[in-house]
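> Just passing along the structure, written as structure tokens.
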Amino acid sequence: MVFATLKAGLTALMRNKRMLFTFYAVNLLFGLLIMLPFRGLISNFIGTSHYGEILGGNFDMNFFFDLIREEGTALGMLPILFLAGVLIYSVFNIFLSGGAFAIFANENQDYDTKEFWGNCGKYFGPFLRLAAASLVILIPLAIVVGLTQVLLNSLTEDAYQYFGYWASWFSTGLRYIAMVFFFAVFDYARIHRVLTDQSSLRTGLSFALSNFRRVMTLSFTYILIGVVVLLIYNPISDLLSMPTWFIILSLLVLQQLYMMFRMALRLGLYASEVTLYKELGNFSAEEMITTLDAVDFD
Amino acid sequence: MLRIPIKDLLILFICTLIFSIQINAQSEFKEPPVLFEEPLSPRIANYDIAVELDSDSRTLKGKQVLTWHNASNDAVDELQMHLYLNAFRNNQSTFMIESGGTHRGNAIGNDGWGYIDINRMNVQLPGSSDQPGNLRQFAANPENPWPGADVTGDIEFIHPDTPEHIHDKSAIRIPLPAPLQPGESISVFIDFTSKLPSPPFARTGSKEEYHFVAQWFPKVAVYTEQGWNCHQFHVNSEFFADYGVYNVWMTVPDGNVVGATGVEVEVIDNPDSTTTHYYHAEDVHDFAWTTSPEFIEFTGKSQDVDIRVLMQPDHVDQGPRHLEAAKISVAYFQDWYGDYPFPNLTVVDPRRGAGGSGGMEYPTLITAGTTYGLPEGIRTVELVIIHEFGHNYFYHLLASNEFEESWLDEGINTYAEMKIMNAEYGPRGDMIDLLGIKINDTELQRGQYMNGPDLDPMLRNSWEYYSRASYGINSYAKPGVVLTTLENYLGADVMQKIMRTYIERWRFKHPKTQDFIDVANEVSGQNLDWFFQQAVYSRAVLDYAVTHVASKKVKEPSGFDFNISTRNAHTGFMVDEPADVMADTMDTSVDDGEAEYHSIIKLRRIGEFKMPVEINVIFKDGEVKQERWDGESLWKRYDYKTKSPAVSAVVDPENKLLLDVNFTNNSQSADSNGKGAAKLSIRWMFWMQFLFDQPEFLNLFGLFGSLM
């Protein structure tokens, strides 16, 4: 079942390359927006120093400490900027997901610009409300994770360190699973909304819980693919250390290819989730609407 | 020169002999071995201690005979001693007031206070008719007569550094019944009880079955030319003590493994389910020990030194790693800095939850510290072992006063550690080499120094630094950076010779800062006072910068008064003045030939620290002109008349002046080069794009935090 949905997801993705570029473009736009102040800070600090050349190669810790000493206050703003970026980016993604889910929910799953953007707008409001409501799910998840952490801490308080070591991995894994589960519930709630025009976080939660193994396997398959490719990317990017414009440009291209791949994984996951929900979701054919019916494009 | 009259040596010998004979008579303890036929040090403070550990209550009951020799020219009318464990007696001690209750991130538990009480103290002056006692008699029957005069009631707590800390009990004075004349020795008989803090705090303490026993017995201070040098135990300080011979009998529960300063002479199984371990050490100035039933032992040898590593069960897979680091340490230090005269070294791995006893040095015994799963690429274990073993040179062989001149131990040792780390694991990533991240110890030390390069002069009393951070910077990082800068200035060979000469000349003699400077001046053949005055005694910051690089085409002279124009053969200038007049106004580095460009390079000395610097000026045709500026004036200008324009300049091109707090402004080009900013920016952008899309990956940072 999971393999079939994976295959269906990737097939759908291949038919929606323009959607992929749209998602990637937004990701790139946000990357550029957060890069600009950083670049301004760095460029200004480097000025015409030889570090302009040196840092074109390997990173230099001496430069790092110079930067911290001279520009520490400005650097302190970057985490705030990052958090703001995450928040706004998430809102943009919620906006785009309406179009993506609607396209993937269609029988033919072909990209149509009007349909995509129309559904982005149509579902933005309901999806935002779902997002707000879904925060409620975080409470029990946080309680479960927190209690587990407390239990592990008490069990490993004075135990040999390997217990604590593996407990840390376990609790990290648990937190990660909780987060992935949270995102899955939100995804299926959105899918339910697109398929039935009914907003129900509970349906998404119910579906994710009743199909926990399949839902999580699907999510983690995509995550695993992403991690494997990241592990391949990393050493290659390290090799690109010559301080030449060609190499720097090559690194940029490699990075953006990877990010495009990540966007493909996200959309592939969306498509697979829609397929899975259609297969296993608890809703009648009468409830199901076509997205084309739902939007008046003219 | 020290004078030790035969009469006092005889008394000392008899006391020790009688003590030994009676011990032997009762328990058949072995005679102490002779480690060194000729004493390596002036054996001023000699201790025989029998101590019994109650593991559950973490209490030590001890009997001690201190034989102190007056090597000064003064008649001494009192003794001063340290009771270090009283720093942890309550929250009103000097240590606790200064520390706020924490030390290196550790804190004493709610019922974890420690202390040391002197139950009784007798002193026996030379010529006394009393028979010297022995420790076993005291232990068996407290009613037995003690030799000498009972001075217990005369003990007075002193607060020489911070008189307002009236509740501090970490230092005492004991008036003597009669002055001790120069060259005489005194025996001090002490019954004491110590309770170790828990968990281990500020180097010493207990955690369940693990005990690291340091600063645990009444310890005589150092009598100097200025009198007693006895300080309270401060949070920002280590120790100062005289050398001597130690015989220590440690009684611990059966099955416990013991590691201690010196060499093990004998292990005696007692009928009461305890075991007594007898250790003997010569020419040491402190004695620390550890015991735990859980230690797993690794042994090896490096050159002529036996190495023993005591690992915790959960770190057992890192035993070989610890052993290898210890071997490397011994080999480098002996090769570079001379003989380590002691036969052995013990490395202790602190128990989980006992990190407060980690990363510390005692004579022939050091503690490291690790965590389960520590990647090989994070070389904290190696760094700590190299550092702590290095102390066996600077803290142990030289034994400077760490209360007052901490840099002489921690700082010079940090410099040695930086060099060894780089030599063994460098050149890139000698400290961290993991997942493509490469960081050198030298870089980290410079980074730490830059956190507060001007808070204090490097040299001052340890408790008088602006903050704990300032103590750390000025005792560790800054001296490391200073001496690396000096090495780069003098050359590695000269610096090596300075270090070796300093260590060999001042072994067992408590050198001071000026002694190190004198050696540096002598060996280098230069007067380096200008350097040390700035580096050690001032808080001056070093920062040289290139502030201006510009070239323009030389214009043909025009306008009035140029009716007899000629081109100066030396300067290339069109002049209507004699060449020598013009040359005086030009820099001497002007080129011959047909000059087409006039390049101006300006340098600034931004910091107050003055040091000669090298300058490279790079021209468009690839030519590099090397200059040397004495660095004295506030700025320097170089003018060049050349065929090719100057395109960039760099001051200190090889980053030799590690003290420079800003390397980035050391260079400037006529045109900016955006590669560095571009590379960093795209890397930053990539990871932001990644985390925007996958914020759940931030979870991993929490994992790293919990594992470390």
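Simple scheme: letters A, B, ... for chains in structure tokens order, numbers from 1 for residues in each chain, numbers from 1 for ligands in the order shown.
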Mind listing as a PyMOL selection string which residues of chain B are within 7 Å of chain A, counting only C-alpha atoms?
chain B and resi 314+352+372+439+443+447+450+662-665+667-669+671-677+679+681-682+684-686+688-689+692+696+699+703+706-707
> Given the selection you just returned, output its residues as a file containing N, CA and C atoms, formatted as an mmCIF file, in the first residue's frame.

data_model
loop_
_atom_site.group_PDB
_atom_site.id
_atom_site.type_symbol
_atom_site.label_atom_id
_atom_site.label_comp_id
_atom_site.auth_asym_id
_atom_site.auth_seq_id
_atom_site.Cartn_x
_atom_site.Cartn_y
_atom_site.Cartn_z
ATOM 1 N N ASP B 314 31.311 2.656 32.137
ATOM 2 C CA ASP B 314 30.582 3.125 30.951
ATOM 3 C C ASP B 314 31.483 3.844 29.953
ATOM 4 N N ARG B 352 30.367 9.271 36.275
ATOM 5 C CA ARG B 352 29.228 10.075 35.816
ATOM 6 C C ARG B 352 28.684 10.864 37.005
ATOM 7 N N TYR B 372 29.976 9.079 27.376
ATOM 8 C CA TYR B 372 29.771 7.909 26.527
ATOM 9 C C TYR B 372 29.440 8.372 25.100
ATOM 10 N N ILE B 439 38.294 22.655 13.665
ATOM 11 C CA ILE B 439 38.651 23.776 14.533
ATOM 12 C C ILE B 439 39.917 23.412 15.300
ATOM 13 N N GLU B 443 42.901 28.299 17.550
ATOM 14 C CA GLU B 443 41.807 29.198 17.156
ATOM 15 C C GLU B 443 40.832 29.399 18.314
ATOM 16 N N GLY B 447 39.940 32.778 20.218
ATOM 17 C CA GLY B 447 38.543 33.182 20.334
ATOM 18 C C GLY B 447 38.172 33.490 21.772
ATOM 19 N N MET B 450 39.669 36.750 22.866
ATOM 20 C CA MET B 450 38.995 37.912 22.299
ATOM 21 C C MET B 450 37.683 38.244 22.990
ATOM 22 N N ASN B 662 41.936 41.536 15.624
ATOM 23 C CA ASN B 662 41.149 41.619 14.404
ATOM 24 C C ASN B 662 42.041 41.295 13.209
ATOM 25 N N PHE B 663 41.969 40.071 12.751
ATOM 26 C CA PHE B 663 42.749 39.680 11.569
ATOM 27 C C PHE B 663 42.109 40.222 10.295
ATOM 28 N N THR B 664 40.811 40.436 10.359
ATOM 29 C CA THR B 664 40.106 40.815 9.137
ATOM 30 C C THR B 664 40.582 42.168 8.616
ATOM 31 N N ASN B 665 40.905 43.082 9.535
ATOM 32 C CA ASN B 665 41.352 44.394 9.066
ATOM 33 C C ASN B 665 42.867 44.437 8.784
ATOM 34 N N SER B 667 44.273 43.342 6.250
ATOM 35 C CA SER B 667 44.566 43.402 4.810
ATOM 36 C C SER B 667 43.530 44.259 4.112
ATOM 37 N N GLN B 668 43.942 44.768 3.019
ATOM 38 C CA GLN B 668 43.007 45.533 2.208
ATOM 39 C C GLN B 668 43.468 45.490 0.756
ATOM 40 N N SER B 669 42.481 45.427 -0.108
ATOM 41 C CA SER B 669 42.784 45.438 -1.542
ATOM 42 C C SER B 669 42.232 46.718 -2.148
ATOM 43 N N ASP B 671 40.548 46.763 -4.766
ATOM 44 C CA ASP B 671 39.179 46.397 -5.158
ATOM 45 C C ASP B 671 38.678 45.307 -4.213
ATOM 46 N N SER B 672 37.384 45.327 -4.002
ATOM 47 C CA SER B 672 36.829 44.309 -3.113
ATOM 48 C C SER B 672 36.748 42.976 -3.842
ATOM 49 N N ASN B 673 36.801 41.920 -3.065
ATOM 50 C CA ASN B 673 36.664 40.578 -3.603
ATOM 51 C C ASN B 673 35.451 39.954 -2.928
ATOM 52 N N GLY B 674 34.448 39.726 -3.730
ATOM 53 C CA GLY B 674 33.177 39.291 -3.156
ATOM 54 C C GLY B 674 33.037 37.800 -2.960
ATOM 55 N N LYS B 675 34.103 37.046 -3.236
ATOM 56 C CA LYS B 675 33.949 35.578 -3.186
ATOM 57 C C LYS B 675 33.605 35.091 -1.784
ATOM 58 N N GLY B 676 34.321 35.630 -0.809
ATOM 59 C CA GLY B 676 34.107 35.168 0.558
ATOM 60 C C GLY B 676 32.685 35.427 1.018
ATOM 61 N N ALA B 677 32.237 36.655 0.800
ATOM 62 C CA ALA B 677 30.876 36.993 1.221
ATOM 63 C C ALA B 677 29.864 36.149 0.455
ATOM 64 N N LYS B 679 30.321 33.121 -0.827
ATOM 65 C CA LYS B 679 30.353 31.728 -0.369
ATOM 66 C C LYS B 679 29.609 31.579 0.962
ATOM 67 N N SER B 681 27.401 33.538 2.166
ATOM 68 C CA SER B 681 25.984 33.879 2.004
ATOM 69 C C SER B 681 25.191 32.731 1.413
ATOM 70 N N ILE B 682 25.772 32.061 0.428
ATOM 71 C CA ILE B 682 24.987 30.973 -0.176
ATOM 72 C C ILE B 682 24.905 29.780 0.788
ATOM 73 N N TRP B 684 24.778 30.084 4.054
ATOM 74 C CA TRP B 684 23.758 30.532 5.006
ATOM 75 C C TRP B 684 22.367 30.375 4.383
ATOM 76 N N MET B 685 22.238 30.813 3.151
ATOM 77 C CA MET B 685 20.936 30.745 2.483
ATOM 78 C C MET B 685 20.473 29.301 2.366
ATOM 79 N N PHE B 686 21.394 28.420 2.004
ATOM 80 C CA PHE B 686 21.013 27.011 1.816
ATOM 81 C C PHE B 686 20.446 26.419 3.103
ATOM 82 N N MET B 688 19.229 27.962 5.646
ATOM 83 C CA MET B 688 17.972 28.602 6.002
ATOM 84 C C MET B 688 16.836 28.033 5.163
ATOM 85 N N GLN B 689 17.085 27.857 3.878
ATOM 86 C CA GLN B 689 16.062 27.244 3.023
ATOM 87 C C GLN B 689 15.690 25.864 3.574
ATOM 88 N N PHE B 692 13.783 26.235 6.921
ATOM 89 C CA PHE B 692 12.434 26.753 6.692
ATOM 90 C C PHE B 692 11.504 25.605 6.318
ATOM 91 N N GLU B 696 11.663 20.828 11.815
ATOM 92 C CA GLU B 696 11.792 19.745 12.807
ATOM 93 C C GLU B 696 13.233 19.283 12.953
ATOM 94 N N ASN B 699 15.360 19.955 16.025
ATOM 95 C CA ASN B 699 15.320 18.981 17.115
ATOM 96 C C ASN B 699 16.693 18.363 17.368
ATOM 97 N N LEU B 703 19.422 17.275 20.666
ATOM 98 C CA LEU B 703 20.110 15.993 20.880
ATOM 99 C C LEU B 703 21.583 16.229 21.183
ATOM 100 N N SER B 706 22.047 17.430 24.653
ATOM 101 C CA SER B 706 21.869 16.447 25.722
ATOM 102 C C SER B 706 23.003 15.425 25.742
ATOM 103 N N LEU B 707 23.594 15.144 24.582
ATOM 104 C CA LEU B 707 24.668 14.155 24.544
ATOM 105 C C LEU B 707 25.974 14.719 25.083
#
> I want to know what sits within 9 Å of Leu209 (chain A), based on only C-alpha atoms, with residues of the same chain fewer than 5 positions away left out; could you give that as a PyMOL selection string?
chain A and resi 181+185+204+215
> Show which residues sit within 8 Å of Ile94 (chain A), as a ChimeraX atom specification. Count only C-alpha atoms, and ignore same-chain residues fewer than 5 positions away.
/A:124,127-128
> Nearest residue to Gly411 (chain B) out of B:His396, B:His165, B:His69, B:His387, using only C-alpha atoms?
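Ranked by minimum distance to Gly411 (chain B), first place goes to B:His387.
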> Considering only C-alpha atoms, return as a VMD selection string whatever protein or nucleic-acid residues lie within 9 Å of Val541 (chain B), sequence-local ones (same chain, fewer than 2 positions apart) excluded.
chain B and resid 453 to 454 534 to 535 538 to 539 543 606 to 610 659 to 661
> Select from region 574-682 of chain B everything DSSP, run on the backbone, classes as alpha helix (DSSP H), then give the selection as a PyMOL selection string.
chain B and resi 579-585+675-682
> Can you pull out the residues contacting Leu147 (chain A)? Cut-off 12 Å, using only C-alpha atoms, and skip same-chain residues under 5 positions away; I want them as a ChimeraX atom specification.
/A:140-142,152-154,171,174-175
> Give me, please, the distance in Å between CA of Asn16 (chain A) and CA of Val229 (chain A), quoted to one decimal.
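So the answer is 21.8 Å.
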> Applying 8 Å and only C-alpha atoms, which residues near region 105-114 of chain B remain after dropping the ones on its own chain fewer than 6 positions away? List them as a list in words.
Leu85, Asn86, Ala87, Phe88, Arg89, Asn90, Ser194, Lys195, Leu196, Pro197, Ser198, Pro199, Pro200, Phe201, Ala202, Gly355 and Gly356 of chain B
> Can you work out which one of A:Gly268, A:Gly99, A:Gly281, A:Gly76 has the shortest atom-to-atom distance to Leu218 (chain A), counting only C-alpha atoms?
A:Gly268
